[in-house]
>>> print(open('query.txt').read())   # compact mmCIF, C-alpha atoms
# COMPACT_ATOMS: atom_id res chain seq x y z
CA ILE A 1 0.00 0.00 0.00
CA GLU A 2 1.29 3.45 -0.97
CA VAL A 3 -0.37 6.50 0.58
CA PHE A 4 -0.27 9.93 -1.06
CA GLN A 5 -1.64 12.15 1.68
CA LYS A 6 -1.28 15.42 -0.20
CA GLU A 7 -3.02 14.09 -3.33
CA LYS A 8 -5.67 12.35 -1.20
CA TYR A 9 -5.38 8.86 -2.64
CA TYR A 10 -3.61 5.59 -2.00
CA LEU A 11 -2.51 2.67 -4.16
CA LEU A 12 -3.16 -0.97 -3.36
CA LYS A 13 -1.25 -3.55 -5.39
CA LYS A 14 -1.61 -7.31 -5.90
CA ASN A 15 -4.56 -9.40 -4.70
CA VAL A 16 -6.48 -6.33 -3.58
CA ILE A 17 -9.76 -6.73 -1.68
CA ILE A 18 -11.81 -3.80 -0.36
CA ASP A 19 -14.81 -4.63 1.80
CA SER A 20 -16.83 -1.56 2.80
CA ASP A 21 -20.42 -0.62 3.59
CA ASP A 22 -20.87 0.70 0.03
CA PHE A 23 -19.16 -2.00 -2.03
CA ILE A 24 -16.92 -5.06 -2.16
CA LEU A 25 -14.16 -5.05 -4.76
CA SER A 26 -11.27 -7.25 -5.79
CA ALA A 27 -8.62 -6.38 -8.39
CA ASP A 28 -4.91 -6.46 -9.17
CA LEU A 29 -4.46 -2.70 -8.70
CA VAL A 30 -6.67 -0.12 -7.01
CA LYS A 31 -6.33 3.64 -6.76
CA ALA A 32 -8.63 4.89 -3.99
CA PHE A 33 -9.41 8.58 -3.48
CA PHE A 34 -10.44 9.80 -0.03
CA VAL A 35 -11.45 13.09 1.65
CA LYS A 36 -10.58 12.96 5.36
CA ASP A 37 -8.96 9.61 6.05
CA LEU A 38 -8.19 6.29 4.37
CA TYR A 39 -11.65 4.93 5.16
CA ASP A 40 -13.47 7.91 3.66
CA ILE A 41 -13.32 6.58 0.09
CA GLN A 42 -15.14 8.69 -2.50
CA LYS A 43 -13.86 7.21 -5.77
CA ILE A 44 -11.97 4.15 -6.91
CA GLU A 45 -10.10 3.28 -10.10
CA SER A 46 -9.28 -0.41 -10.42
CA GLU A 47 -7.49 -2.57 -12.99
CA GLY A 48 -6.89 -6.25 -13.64
CA ASN A 49 -9.45 -9.02 -13.06
CA VAL A 50 -11.88 -6.61 -11.44
CA SER A 51 -14.93 -7.94 -9.60
CA PHE A 52 -17.33 -5.53 -7.93
CA THR A 53 -20.54 -5.76 -5.87
CA SER A 54 -22.36 -2.63 -4.71
CA SER A 55 -24.54 -2.25 -1.62
CA LYS A 56 -27.60 -2.49 -3.93
CA GLY A 57 -26.45 -5.89 -5.16
CA TYR A 58 -25.19 -4.69 -8.56
CA LYS A 59 -22.32 -6.87 -9.76
CA GLY A 60 -19.68 -5.73 -12.25
CA VAL A 61 -16.79 -7.54 -13.91
CA GLY A 62 -14.18 -6.12 -16.26
CA GLU A 63 -10.55 -5.44 -17.04
CA ARG A 64 -10.97 -1.96 -15.56
CA LEU A 65 -13.67 -0.46 -13.36
CA ASP A 66 -14.07 3.09 -12.06
CA PHE A 67 -16.66 3.87 -9.40
CA SER A 68 -17.73 7.20 -7.90
CA ILE A 69 -19.53 6.65 -4.60
CA LYS A 70 -20.71 10.25 -4.36
CA ASN A 71 -22.44 10.16 -7.76
CA ASN A 72 -23.09 6.40 -7.82
CA LEU A 73 -21.48 6.40 -11.26
CA MET A 74 -19.80 3.26 -12.62
CA ASN A 75 -17.65 2.78 -15.74
CA ILE A 76 -16.61 -0.73 -16.76
CA PHE A 77 -14.06 -1.41 -19.50
CA GLY A 78 -12.87 -4.61 -21.15
CA ASN A 79 -13.49 -7.29 -23.71
CA ASN A 80 -15.84 -9.13 -21.36
CA ALA A 81 -17.36 -6.22 -19.46
CA LEU A 82 -20.43 -7.25 -17.48
CA LEU A 83 -22.91 -5.51 -15.21
CA ASN A 84 -25.65 -7.50 -13.50
CA MET A 85 -28.48 -5.45 -11.97
CA GLU A 86 -30.60 -8.53 -11.25
CA ASN A 87 -33.38 -7.99 -13.83
CA LEU A 88 -31.11 -5.93 -16.11
CA ILE A 89 -27.95 -7.57 -17.45
CA MET A 90 -25.49 -5.58 -19.57
CA LYS A 91 -22.62 -7.07 -21.56
CA SER A 92 -20.09 -5.44 -23.90
CA ASP A 93 -16.75 -6.09 -25.52
CA ASN A 94 -15.66 -2.51 -24.82
CA TYR A 95 -17.51 -0.25 -22.37
CA ILE A 96 -20.47 -0.05 -19.98
CA MET A 97 -21.58 3.04 -18.07
CA ILE A 98 -24.30 3.32 -15.45
CA ASP A 99 -25.32 6.48 -13.60
CA ASP A 100 -27.57 5.07 -10.88
CA SER A 101 -28.34 8.50 -9.40
CA LYS A 102 -29.90 9.62 -12.70
CA GLY A 103 -31.09 6.22 -13.90
CA LYS A 104 -29.05 6.31 -17.12
CA PHE A 105 -26.84 3.75 -18.87
CA LYS A 106 -24.71 3.32 -21.98
CA LEU A 107 -23.08 0.38 -23.75
CA ASP A 108 -20.53 0.95 -26.49
CA GLY A 109 -18.91 -1.95 -28.33
CA ASN A 110 -19.43 -4.13 -31.39
CA LEU A 111 -20.86 -6.90 -29.21
CA SER A 112 -23.08 -5.06 -26.75
CA GLU A 113 -26.15 -6.72 -25.26
CA LEU A 114 -28.87 -5.72 -22.82
CA THR A 115 -31.19 -8.33 -21.34
CA THR A 116 -34.38 -7.55 -19.40
CA ASP A 117 -37.09 -9.84 -18.03
CA ASN A 118 -38.92 -9.89 -21.38
CA MET A 119 -36.51 -8.58 -24.00
CA THR A 120 -32.98 -9.00 -25.39
CA ILE A 121 -31.35 -6.08 -27.22
CA VAL A 122 -28.17 -6.41 -29.30
CA GLY A 123 -26.28 -3.57 -31.00
CA SER A 124 -22.97 -1.73 -31.14
CA TYR A 125 -24.36 1.27 -29.22
CA ILE A 126 -27.11 1.07 -26.62
CA GLU A 127 -28.19 4.04 -24.55
CA GLY A 128 -31.18 4.57 -22.31
CA SER A 129 -32.74 5.24 -18.94
CA TYR A 130 -34.38 3.13 -16.27
CA GLN A 131 -36.55 3.61 -13.21
CA GLU A 132 -36.95 1.51 -10.10
CA ILE A 133 -40.59 0.46 -9.75
CA ASP A 134 -41.57 -1.87 -6.90
CA GLU A 135 -37.87 -2.69 -6.36
CA VAL A 136 -37.49 -3.68 -10.03
CA ASN A 137 -35.45 -1.69 -12.56
CA GLU A 138 -37.55 -1.07 -15.67
CA ILE A 139 -36.32 0.43 -18.95
CA THR A 140 -38.13 3.71 -19.66
CA ASN A 141 -36.32 4.85 -22.81
CA LEU A 142 -33.91 3.16 -25.18
CA ILE A 143 -31.90 3.96 -28.31
CA VAL A 144 -30.05 1.17 -30.12
CA LYS A 145 -27.71 1.68 -33.09
CA SER A 146 -25.36 -0.56 -35.01
CA ASP A 147 -22.89 -0.36 -37.87
CA LYS A 148 -24.46 -3.60 -39.01
CA ILE A 149 -27.89 -4.62 -37.69
CA THR A 150 -29.52 -4.20 -34.28
CA GLU A 151 -31.61 -7.04 -32.90
CA ILE A 152 -34.46 -6.98 -30.39
CA THR A 153 -36.01 -10.26 -29.32
CA THR A 154 -39.13 -10.89 -27.24
CA ASP A 155 -41.06 -14.09 -26.54
CA THR A 156 -42.96 -13.83 -29.84
CA LEU A 157 -41.06 -11.35 -32.04
CA LYS A 158 -37.63 -10.89 -33.55
CA MET A 159 -36.91 -7.36 -34.79
CA PHE A 160 -33.96 -6.23 -36.89
CA SER A 161 -32.99 -2.72 -38.08
CA SER A 162 -30.16 -0.19 -38.29
CA LYS A 163 -31.66 1.81 -35.43
CA ALA A 164 -34.31 1.18 -32.79
CA VAL A 165 -36.03 3.51 -30.32
CA TYR A 166 -38.19 2.41 -27.37
CA SER A 167 -40.50 4.44 -25.11
CA LYS A 168 -42.17 2.85 -22.09
CA LYS A 169 -44.47 5.87 -21.77
CA ASP A 170 -45.91 5.26 -25.24
CA ASN A 171 -45.34 1.46 -25.15
CA ILE A 172 -43.83 1.74 -28.63
CA ILE A 173 -40.72 0.38 -30.36
CA GLU A 174 -39.74 2.13 -33.59
CA LEU A 175 -37.39 0.51 -36.11
CA PHE A 176 -35.54 2.53 -38.76
CA ASP A 177 -33.89 1.30 -42.00
CA ASN A 178 -33.20 -2.31 -43.02
CA VAL A 179 -36.24 -3.39 -41.03
CA LYS A 180 -37.19 -7.02 -40.62
CA VAL A 181 -39.89 -8.29 -38.28
CA ILE A 182 -40.28 -12.04 -37.72
CA ARG A 183 -43.19 -13.69 -35.94
CA ASN A 184 -43.65 -17.46 -36.19
CA ASN A 185 -43.33 -18.24 -39.93
CA GLU A 186 -44.08 -14.69 -41.07
CA ILE A 187 -41.31 -12.28 -42.15
CA ILE A 188 -42.06 -8.65 -43.04
CA ILE A 189 -39.36 -6.42 -44.57
CA GLY A 190 -39.50 -2.64 -44.96
CA ASP A 191 -37.90 0.69 -44.07
CA TYR A 192 -39.84 1.54 -40.91
CA ALA A 193 -41.81 -0.35 -38.29
CA ARG A 194 -43.86 0.65 -35.28
CA ILE A 195 -44.52 -2.04 -32.68
CA ASN A 196 -46.95 -1.82 -29.78
CA THR A 197 -45.25 -3.56 -26.86
CA LEU A 198 -48.49 -4.21 -24.99
CA ASN A 199 -50.07 -6.51 -27.59
CA GLU A 200 -47.05 -6.74 -29.99
CA SER A 201 -49.14 -5.59 -32.94
CA TYR A 202 -47.05 -3.81 -35.56
CA LYS A 203 -47.11 -1.78 -38.75
CA VAL A 204 -44.34 -1.87 -41.36
CA SER A 205 -43.94 0.67 -44.16
CA SER A 206 -41.51 1.49 -46.97
CA ASN A 207 -40.16 4.94 -47.75
CA GLU A 208 -39.67 4.67 -51.50
CA SER A 209 -41.94 2.05 -53.03
CA LYS A 210 -44.73 2.47 -50.47
CA LYS A 211 -44.76 -1.30 -50.31
CA VAL A 212 -43.42 -3.91 -47.96
CA LYS A 213 -42.31 -7.44 -48.61
CA VAL A 214 -44.06 -10.28 -46.79
CA LEU A 215 -42.63 -13.80 -46.70
CA ILE A 216 -44.72 -16.64 -45.31
CA ASP A 217 -43.38 -20.15 -44.87
CA SER A 218 -45.49 -22.60 -46.88
CA THR A 219 -45.59 -24.96 -43.90
CA ASN A 220 -47.77 -22.39 -42.17
CA GLU A 221 -50.68 -22.82 -44.64
>>> encode(input="query.txt", output="structure tokens")
Amino acid sequence: IEVFQKEKYYLLKKNVIIDSDDFILSADLVKAFFVKDLYDIQKIESEGNVSFTSSKGYKGVGERLDFSIKNNLMNIFGNNALLNMENLIMKSDNYIMIDDSKGKFKLDGNLSELTTDNMTIVGSYIEGSYQEIDEVNEITNLIVKSDKITEITTDTLKMFSSKAVYSKKDNIIELFDNVKVIRNNEIIIGDYARINTLNESYKVSSNESKKVKVLIDSTNE
């Protein structure tokens, strides 16, 4: 342990474990910032095989993890970055951010994935907000983008597009460009889709031809 009293931080090296009221963390290297004394930790920067559990039960894993206790802000970096918030699970091959004080999150990486109780979202960029309702974190808004194709899967639908936007207030998912909606043996292709998340009814349209393409498996006759 190296203490830098003037700079208000200390370094912990090799097989580090911090067990506090706010979090439990293990890593190869930890830089801990304090205000008054060594136990008054306000921010941590950790590297190497990081494993983290907050007082709310959130669990994070990554190659690097930064956590601000004051703002309840967490940044996780690494090829196998993971954040488990019980009913919300975030994975990325690059970066995950969660601002629990504001209920906001961001995933940035070619292989980013967000899983809820009833939906799986895959894209290279996922950003949104959540709200705790009856001790359950629920997604309130969501924007998903991808250099290739985003994917949203529910129990009955598979949705593909270049961009997707979700609003819990309106109970609507909007899909933009390269749209494909699959339900059972039915495939509908177009440029835009609007899906009602309550009954999963949807409307697909095309910008140029004003037509959409519908493919139905012959085994479904």
>>> atom_distance(input="query.txt", atom1="CA of Lys14 (chain A)", atom2="CA of Asn49 (chain A)")
10.8 Å
>>> atom_distance(input="query.txt", atom1="CA of Ser68 (chain A)", atom2="CA of Asp100 (chain A)")
10.5 Å
>>> closest_residue(input="query.txt", among="A:Met85, A:Ala164, A:Val181, A:Leu12", to="Asn137 (chain A)", atoms="only C-alpha atoms")
A:Met85
>>> residues_around(input="query.txt", residues="Asn87 (chain A)", least_positions_apart="5", cutoff="12 Å", atoms="all atoms listed in the file", output="short mmCIF file (atom, residue, chain, number, x, y, z; two decimals) with C-alpha atoms, in the frame of the given file")
data_model
loop_
_atom_site.label_atom_id
_atom_site.label_comp_id
_atom_site.auth_asym_id
_atom_site.auth_seq_id
_atom_site.Cartn_x
_atom_site.Cartn_y
_atom_site.Cartn_z
CA GLY A 57 -26.45 -5.89 -5.16
CA TYR A 58 -25.19 -4.69 -8.56
CA LYS A 59 -22.32 -6.87 -9.76
CA LEU A 114 -28.87 -5.72 -22.82
CA THR A 115 -31.19 -8.33 -21.34
CA THR A 116 -34.38 -7.55 -19.40
CA ASP A 117 -37.09 -9.84 -18.03
CA ASN A 118 -38.92 -9.89 -21.38
CA MET A 119 -36.51 -8.58 -24.00
CA THR A 120 -32.98 -9.00 -25.39
CA TYR A 130 -34.38 3.13 -16.27
CA GLU A 132 -36.95 1.51 -10.10
CA ILE A 133 -40.59 0.46 -9.75
CA GLU A 135 -37.87 -2.69 -6.36
CA VAL A 136 -37.49 -3.68 -10.03
CA ASN A 137 -35.45 -1.69 -12.56
CA GLU A 138 -37.55 -1.07 -15.67
CA ILE A 139 -36.32 0.43 -18.95
#
>>> atom_distance(input="query.txt", atom1="CA of Ile24 (chain A)", atom2="CA of Ile44 (chain A)")
11.5 Å
>>> residues_near_point(input="query.txt", point="(-11.0, -3.8, -3.0)", cutoff="10 Å", atoms="all atoms listed in the file", output="ChimeraX atom specification")
/A:12,15-20,23-32,44,46,50-52
>>> closest_residue(input="query.txt", among="A:Ser54, A:Gly62, A:Asp177, A:Lys8", to="Tyr39 (chain A)", atoms="all atoms listed in the file")
A:Lys8
>>> residues_near_point(input="query.txt", point="(-20.4, 0.5, -13.2)", cutoff="8 Å", atoms="all atoms listed in the file", output="ChimeraX atom specification")
/A:60,65-67,73-76,83,96-99
>>> write_last_selection(input="query.txt", atoms="C-alpha atoms", output="CSV table (one decimal), keeping the file's coordinate frame")
chain,number,residue,atom,x,y,z
A,60,GLY,CA,-19.7,-5.7,-12.2
A,65,LEU,CA,-13.7,-0.5,-13.4
A,66,ASP,CA,-14.1,3.1,-12.1
A,67,PHE,CA,-16.7,3.9,-9.4
A,73,LEU,CA,-21.5,6.4,-11.3
A,74,MET,CA,-19.8,3.3,-12.6
A,75,ASN,CA,-17.6,2.8,-15.7
A,76,ILE,CA,-16.6,-0.7,-16.8
A,83,LEU,CA,-22.9,-5.5,-15.2
A,96,ILE,CA,-20.5,0.0,-20.0
A,97,MET,CA,-21.6,3.0,-18.1
A,98,ILE,CA,-24.3,3.3,-15.4
A,99,ASP,CA,-25.3,6.5,-13.6
>>> build_atoms(input="query.txt", residues="region 175-190 of chain A", atoms="N, CA, C and O atoms", output="short mmCIF file (atom, residue, chain, number, x, y, z; two decimals), keeping the file's coordinate frame")
data_model
loop_
_atom_site.label_atom_id
_atom_site.label_comp_id
_atom_site.auth_asym_id
_atom_site.auth_seq_id
_atom_site.Cartn_x
_atom_site.Cartn_y
_atom_site.Cartn_z
N LEU A 175 -38.54 1.04 -35.39
CA LEU A 175 -37.39 0.51 -36.11
C LEU A 175 -37.16 1.34 -37.36
O LEU A 175 -38.10 1.67 -38.09
N PHE A 176 -35.88 1.68 -37.63
CA PHE A 176 -35.54 2.53 -38.76
C PHE A 176 -34.51 1.85 -39.65
O PHE A 176 -33.46 1.41 -39.18
N ASP A 177 -34.81 1.78 -40.96
CA ASP A 177 -33.89 1.30 -42.00
C ASP A 177 -33.53 -0.19 -41.84
O ASP A 177 -33.26 -0.65 -40.73
N ASN A 178 -33.51 -0.87 -42.97
CA ASN A 178 -33.20 -2.31 -43.02
C ASN A 178 -34.04 -3.11 -42.03
O ASN A 178 -33.55 -3.97 -41.29
N VAL A 179 -35.33 -2.81 -42.02
CA VAL A 179 -36.24 -3.39 -41.03
C VAL A 179 -36.68 -4.79 -41.43
O VAL A 179 -37.03 -5.05 -42.57
N LYS A 180 -36.65 -5.67 -40.45
CA LYS A 180 -37.19 -7.02 -40.62
C LYS A 180 -37.89 -7.41 -39.32
O LYS A 180 -37.30 -7.33 -38.25
N VAL A 181 -39.13 -7.84 -39.44
CA VAL A 181 -39.89 -8.29 -38.28
C VAL A 181 -40.31 -9.74 -38.51
O VAL A 181 -40.91 -10.06 -39.54
N ILE A 182 -39.98 -10.61 -37.59
CA ILE A 182 -40.28 -12.04 -37.72
C ILE A 182 -41.19 -12.47 -36.58
O ILE A 182 -40.89 -12.23 -35.41
N ARG A 183 -42.31 -13.10 -36.94
CA ARG A 183 -43.19 -13.69 -35.94
C ARG A 183 -43.66 -15.04 -36.49
O ARG A 183 -44.27 -15.12 -37.56
N ASN A 184 -43.35 -16.10 -35.75
CA ASN A 184 -43.65 -17.46 -36.19
C ASN A 184 -43.04 -17.68 -37.57
O ASN A 184 -41.85 -17.53 -37.75
N ASN A 185 -43.84 -17.99 -38.58
CA ASN A 185 -43.33 -18.24 -39.93
C ASN A 185 -43.50 -17.04 -40.84
O ASN A 185 -43.30 -17.14 -42.05
N GLU A 186 -43.84 -15.90 -40.28
CA GLU A 186 -44.08 -14.69 -41.07
C GLU A 186 -42.89 -13.74 -40.95
O GLU A 186 -42.42 -13.44 -39.86
N ILE A 187 -42.41 -13.25 -42.11
CA ILE A 187 -41.31 -12.28 -42.15
C ILE A 187 -41.78 -11.07 -42.95
O ILE A 187 -42.22 -11.20 -44.08
N ILE A 188 -41.68 -9.88 -42.35
CA ILE A 188 -42.06 -8.65 -43.04
C ILE A 188 -40.84 -7.74 -43.11
O ILE A 188 -40.18 -7.48 -42.11
N ILE A 189 -40.55 -7.25 -44.32
CA ILE A 189 -39.36 -6.42 -44.57
C ILE A 189 -39.80 -5.05 -45.06
O ILE A 189 -40.68 -4.94 -45.91
N GLY A 190 -39.18 -3.99 -44.54
CA GLY A 190 -39.50 -2.64 -44.96
C GLY A 190 -38.45 -1.65 -44.49
O GLY A 190 -37.32 -2.04 -44.13
#
